[in-house]
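Participant: I have a structure I would like to understand better, so I am pasting it below and will then ask my questions one at a time.
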Amino acid sequence: MKLIWIAGCALLCVAATAAAAAQDLGLPVGTDAPRPAVKDLDGKPVDLGQWIGRKPVLIEFWATWCENCEALLPKLTSARTRVGDRVEFIGINVTVNQTPDRVRRYMAQHELPFRVLYDTDGASVRAFAAPATSYVVLIDRGGKILYTGVGPDQEFDASLARAAGISH
Amino acid sequence: MNRRLLVGLFLLQAGALAAQSTSDTPVAVIVAGPQVGERAPDFSLPWSTREVTGGDPWFSLSAQRGRVVVVAFYPRDFTSGCTAEMKTFADQYADLFGEDVAVVGISTDSLATHRRFAEELGLPFQLLSDPDQVVSKKYGSADPAGYNRRTVFVLGRDGKVAYDDRRFGALDPKAYERLKDAVQEVRKAGASH
């Protein structure tokens with residue numbers, strides 16, 4: 001009886017740890033990328049499936065107030081210059097503490113290296129388990145997640161080159 | 001030997017379930033800490049704001065009785081998700097909470113770090129320091145890795161848990177909507193008494 005109790009506790013502890021660890025880490029590399037319903041700044045539905053599973057896709061979850069996102073812009077701009085003809089670059093605005101007008105004003109002041117989408121109800125944030133703004137997800141041509149990262153100093157060049165099918 | 005084998009099999013199964021939970025729908029949800037309708041465990045912790053490092057006296061939950069209290073456990077100051085959450089709380093404070101609500105954030109960070117974080121984001125509420133996770137353990141919000149999980153509790157004027165979100169999404173607009181609705185409902189319920 002005591003042993004069963006110990007084993008039960010072990011089961012609960014391991015499951016709890018896994019659940020906690022999954023909370024702030026995003027989706028694991030190698031899993032299929034979800035294709036949640038998102039919208040553009042005008043509120044029109046956009047089907048991510050028109051890109052995911054058809055060509056490599058780089059998604060950044062961003063916001064105008066995110067300093068890490070702004071710090072990451074030069075790297076994303078450089079990446080798009082290199083492989084923008086082979087990889088779809090998408091910036092999903094997380095819409096927390098945002099309005100479409102605020103995003104438009106920001107776009108007028110910054111040349112953003114991605115197609116801007118606006119996730120009004122957070123469907124993509126939940127689907128991709130986005131832990132923070134500046135969260136980058138790189139998806140290969142087959143729709144598998146190849147890379148995830150957060151912060152201003154991410155190293156996704158090698159994965160991006162692999163996704164684009166060019167030597168790095 | 002058979003007993004050891006039994007325990008080993010249980011652990012293997014636990015590991016398999018845990019591995020599955022990271023790549024698929026979680027197979028187990030552990031809900032520790034106070035449940036909705038239960039009395040919130042009392043606590044007392046040191047605090048900082050954007051203007052004060054280590055204020056006196058400590059924040060005491062029992063001293064808030066009669067007020068609606070929002071307790072937000074979060075992993076770390078200055079990390080991206082926590083910055084998003086706390087900045088949204090600050091920028092939408094009146095809309096999300098209202099002036100008569102006591103809001104506190106709790107992490108394992110020091111009082112000095114809390115002060116810098118609150119100053120940088122202009123937070124209009126107290127950040128409590130719980131370095132040993134004494135309080136976050138009481139609320140089922142302690143991660144074994146030594147930081148807090150992101151959870152939110154809304155406590156009614158009677159000191160009971162009126163709402164909880166054990167996986168608060170810092171970037172999820174729905175999470176903030178649910179929190180706002182919960183706070184408004186609790187404020188209304190209290191006002192009608």
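Chain labels follow the order of the structure tokens: the first chain is A, the next B, and so on; residue numbering restarts at 1 in every chain, and ligands are counted from 1 in their shown order.
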Name the residues in contact with region 137-152 of chain A at a cut-off of 9 Å, using only C-alpha atoms, excluding same-chain residues fewer than 5 positions from it; report them as a ChimeraX atom specification.

Facilitator: /A:25-34,51-61,67-73,75,87,128,131-132,159-160,162-164 /B:80

Participant: Would you save the residues of that selection, restricted to N, CA and C atoms, as a tab-separated table (two decimals), in the first residue's frame?

Facilitator:
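And here's out11.tsv as it stands now:
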```tsv
chain	number	residue	atom	x	y	z
A	25	LEU	N	7.27	27.48	-22.62
A	25	LEU	CA	8.33	27.10	-23.54
A	25	LEU	C	7.91	27.08	-25.00
A	26	GLY	N	6.66	27.16	-25.30
A	26	GLY	CA	6.22	27.09	-26.68
A	26	GLY	C	6.15	25.65	-27.16
A	27	LEU	N	5.88	25.49	-28.47
A	27	LEU	CA	5.73	24.14	-29.01
A	27	LEU	C	7.10	23.49	-29.25
A	28	PRO	N	7.19	22.17	-29.08
A	28	PRO	CA	8.47	21.49	-29.28
A	28	PRO	C	8.87	21.45	-30.76
A	29	VAL	N	10.16	21.53	-31.00
A	29	VAL	CA	10.68	21.37	-32.36
A	29	VAL	C	10.35	19.96	-32.85
A	30	GLY	N	9.97	19.86	-34.11
A	30	GLY	CA	9.65	18.55	-34.69
A	30	GLY	C	8.17	18.26	-34.75
A	31	THR	N	7.38	19.06	-34.03
A	31	THR	CA	5.93	18.83	-34.06
A	31	THR	C	5.31	19.55	-35.26
A	32	ASP	N	4.11	19.13	-35.61
A	32	ASP	CA	3.39	19.77	-36.70
A	32	ASP	C	2.93	21.17	-36.27
A	33	ALA	N	3.15	22.13	-37.15
A	33	ALA	CA	2.70	23.50	-36.83
A	33	ALA	C	1.18	23.58	-36.97
A	34	PRO	N	0.54	24.22	-36.01
A	34	PRO	CA	-0.92	24.40	-36.11
A	34	PRO	C	-1.24	25.45	-37.17
A	51	TRP	N	0.16	29.02	-46.50
A	51	TRP	CA	1.64	29.00	-46.49
A	51	TRP	C	2.17	27.78	-45.75
A	52	ILE	N	1.64	27.51	-44.56
A	52	ILE	CA	2.17	26.42	-43.74
A	52	ILE	C	1.90	25.08	-44.43
A	53	GLY	N	2.96	24.31	-44.61
A	53	GLY	CA	2.84	23.02	-45.30
A	53	GLY	C	3.02	23.14	-46.81
A	54	ARG	N	3.16	24.37	-47.27
A	54	ARG	CA	3.35	24.58	-48.72
A	54	ARG	C	4.72	25.20	-49.01
A	55	LYS	N	5.23	25.97	-48.05
A	55	LYS	CA	6.55	26.59	-48.19
A	55	LYS	C	7.09	26.86	-46.79
A	56	PRO	N	8.39	27.09	-46.65
A	56	PRO	CA	8.90	27.44	-45.32
A	56	PRO	C	8.28	28.75	-44.83
A	57	VAL	N	8.04	28.79	-43.53
A	57	VAL	CA	7.40	29.97	-42.94
A	57	VAL	C	8.14	30.39	-41.67
A	58	LEU	N	8.40	31.66	-41.53
A	58	LEU	CA	8.93	32.20	-40.26
A	58	LEU	C	7.87	33.12	-39.68
A	59	ILE	N	7.49	32.82	-38.44
A	59	ILE	CA	6.49	33.63	-37.75
A	59	ILE	C	7.13	34.28	-36.52
A	60	GLU	N	6.91	35.57	-36.36
A	60	GLU	CA	7.27	36.20	-35.09
A	60	GLU	C	5.99	36.71	-34.43
A	61	PHE	N	5.82	36.42	-33.14
A	61	PHE	CA	4.72	36.99	-32.36
A	61	PHE	C	5.26	38.30	-31.76
A	67	GLU	N	10.22	45.69	-26.72
A	67	GLU	CA	11.58	46.15	-27.03
A	67	GLU	C	12.41	45.06	-27.68
A	68	ASN	N	12.21	43.82	-27.24
A	68	ASN	CA	12.95	42.71	-27.85
A	68	ASN	C	12.61	42.56	-29.33
A	69	CYS	N	11.33	42.81	-29.64
A	69	CYS	CA	10.90	42.69	-31.04
A	69	CYS	C	11.60	43.75	-31.88
A	70	GLU	N	11.69	44.95	-31.34
A	70	GLU	CA	12.33	46.03	-32.09
A	70	GLU	C	13.83	45.74	-32.26
A	71	ALA	N	14.42	45.18	-31.22
A	71	ALA	CA	15.84	44.84	-31.31
A	71	ALA	C	16.09	43.72	-32.33
A	72	LEU	N	15.08	42.89	-32.53
A	72	LEU	CA	15.22	41.76	-33.45
A	72	LEU	C	14.99	42.16	-34.91
A	73	LEU	N	14.43	43.34	-35.13
A	73	LEU	CA	14.06	43.76	-36.49
A	73	LEU	C	15.22	43.72	-37.48
A	75	LYS	N	17.83	41.87	-37.63
A	75	LYS	CA	18.16	40.48	-37.96
A	75	LYS	C	17.10	39.89	-38.89
A	87	VAL	N	11.06	31.95	-48.37
A	87	VAL	CA	10.42	31.76	-47.05
A	87	VAL	C	9.38	32.86	-46.84
A	128	PHE	N	0.10	28.11	-30.77
A	128	PHE	CA	1.56	27.98	-30.82
A	128	PHE	C	2.18	28.03	-29.42
A	131	PRO	N	5.05	31.98	-25.61
A	131	PRO	CA	5.29	32.35	-24.22
A	131	PRO	C	5.54	33.84	-24.03
A	132	ALA	N	5.95	34.52	-25.11
A	132	ALA	CA	6.35	35.92	-24.97
A	132	ALA	C	6.40	36.56	-26.34
A	159	SER	N	19.09	27.33	-39.19
A	159	SER	CA	17.79	26.67	-39.42
A	159	SER	C	17.07	27.31	-40.60
A	160	LEU	N	17.20	28.61	-40.72
A	160	LEU	CA	16.52	29.32	-41.81
A	160	LEU	C	17.12	28.91	-43.16
A	162	ARG	N	18.58	26.10	-43.77
A	162	ARG	CA	18.14	24.73	-44.01
A	162	ARG	C	16.71	24.71	-44.55
A	163	ALA	N	15.86	25.51	-43.94
A	163	ALA	CA	14.46	25.57	-44.39
A	163	ALA	C	14.37	26.08	-45.82
A	164	ALA	N	15.24	27.04	-46.14
A	164	ALA	CA	15.20	27.66	-47.47
A	164	ALA	C	15.89	26.79	-48.51
B	80	SER	N	10.44	38.20	-20.92
B	80	SER	CA	9.51	38.73	-21.93
B	80	SER	C	8.04	38.53	-21.55
```

Participant: Report as a ChimeraX atom specification: the residues of region 17-192 of chain B with a DSSP assignment of strand (DSSP E), based on the backbone of this structure.

Facilitator: /B:44-45,47-48,59-60,68-73,101-107,126-129,151-155,161-165

Participant: Find the residues around Val152 (chain B) up to 6 Å (only C-alpha atoms counted), leave out those fewer than 2 positions away in its own chain, and share them as a count of residues only.

Facilitator: 4

Participant: Fewer than 2 positions away in the same chain doesn't count, so skip those; otherwise give me all residues within 12 Å of Arg166 (chain B), counting only C-alpha atoms, as a PyMOL selection string.

Facilitator: (chain A and resi 19-20+23) or (chain B and resi 29-36+71-74+136+139-142+148-154+163-164+168-170+175+179)

Participant: Residues of region 4-167 of chain A classed as alpha helix (DSSP H) by DSSP on the backbone are to be reported as a ChimeraX atom specification.

Facilitator: /A:4-23,67-83,100-109,123-127,157-164

Participant: Please provide the set of residues having any atom within 9 Å of Phe97 (chain B), restricted to only C-alpha atoms, with same-chain residues fewer than 5 positions apart removed, written as number ranges by chain.

Facilitator: B: 70, 89, 92, 102-103, 179-180, 183-184

Participant: Keeping only N, CA and C atoms, write the selected residues as a CSV table (one decimal), in the first residue's frame.

Facilitator:
```csv
chain,number,residue,atom,x,y,z
B,70,VAL,N,-6.3,40.9,-6.2
B,70,VAL,CA,-5.8,40.1,-7.4
B,70,VAL,C,-4.4,39.7,-7.1
B,89,PHE,N,-1.1,44.8,-17.3
B,89,PHE,CA,-1.8,45.2,-16.0
B,89,PHE,C,-1.7,46.7,-15.8
B,92,GLN,N,-3.5,48.9,-18.5
B,92,GLN,CA,-5.0,48.8,-18.6
B,92,GLN,C,-5.5,48.7,-17.1
B,102,ALA,N,-7.0,45.7,-4.8
B,102,ALA,CA,-5.6,45.6,-4.5
B,102,ALA,C,-5.0,44.5,-5.4
B,103,VAL,N,-4.0,44.9,-6.2
B,103,VAL,CA,-3.3,44.0,-7.1
B,103,VAL,C,-1.9,43.8,-6.6
B,179,LEU,N,-10.2,37.6,-16.9
B,179,LEU,CA,-9.8,38.2,-15.6
B,179,LEU,C,-10.6,39.5,-15.4
B,180,LYS,N,-10.7,40.3,-16.4
B,180,LYS,CA,-11.5,41.6,-16.2
B,180,LYS,C,-13.0,41.2,-15.8
B,183,VAL,N,-13.1,40.1,-12.2
B,183,VAL,CA,-12.9,41.1,-11.2
B,183,VAL,C,-14.2,42.0,-11.1
B,184,GLN,N,-14.8,42.3,-12.3
B,184,GLN,CA,-16.0,43.1,-12.3
B,184,GLN,C,-17.1,42.4,-11.5
```

Participant: Calculated over only C-alpha atoms, which of the candidates B:Asp95, B:Asp172, B:Glu119, B:Asp132 has the smallest distance to Val94 (chain A)?

Facilitator: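 Nearest to Val94 (chain A): B:Asp172.
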
Participant: So, with only C-alpha atoms as the atoms that count, which of A:Gly165, A:Ile92, A:Phe114, A:Tyr106 lies closest to chain B?

Facilitator: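 Counting only C-alpha atoms, the residue closest to chain B is A:Ile92.
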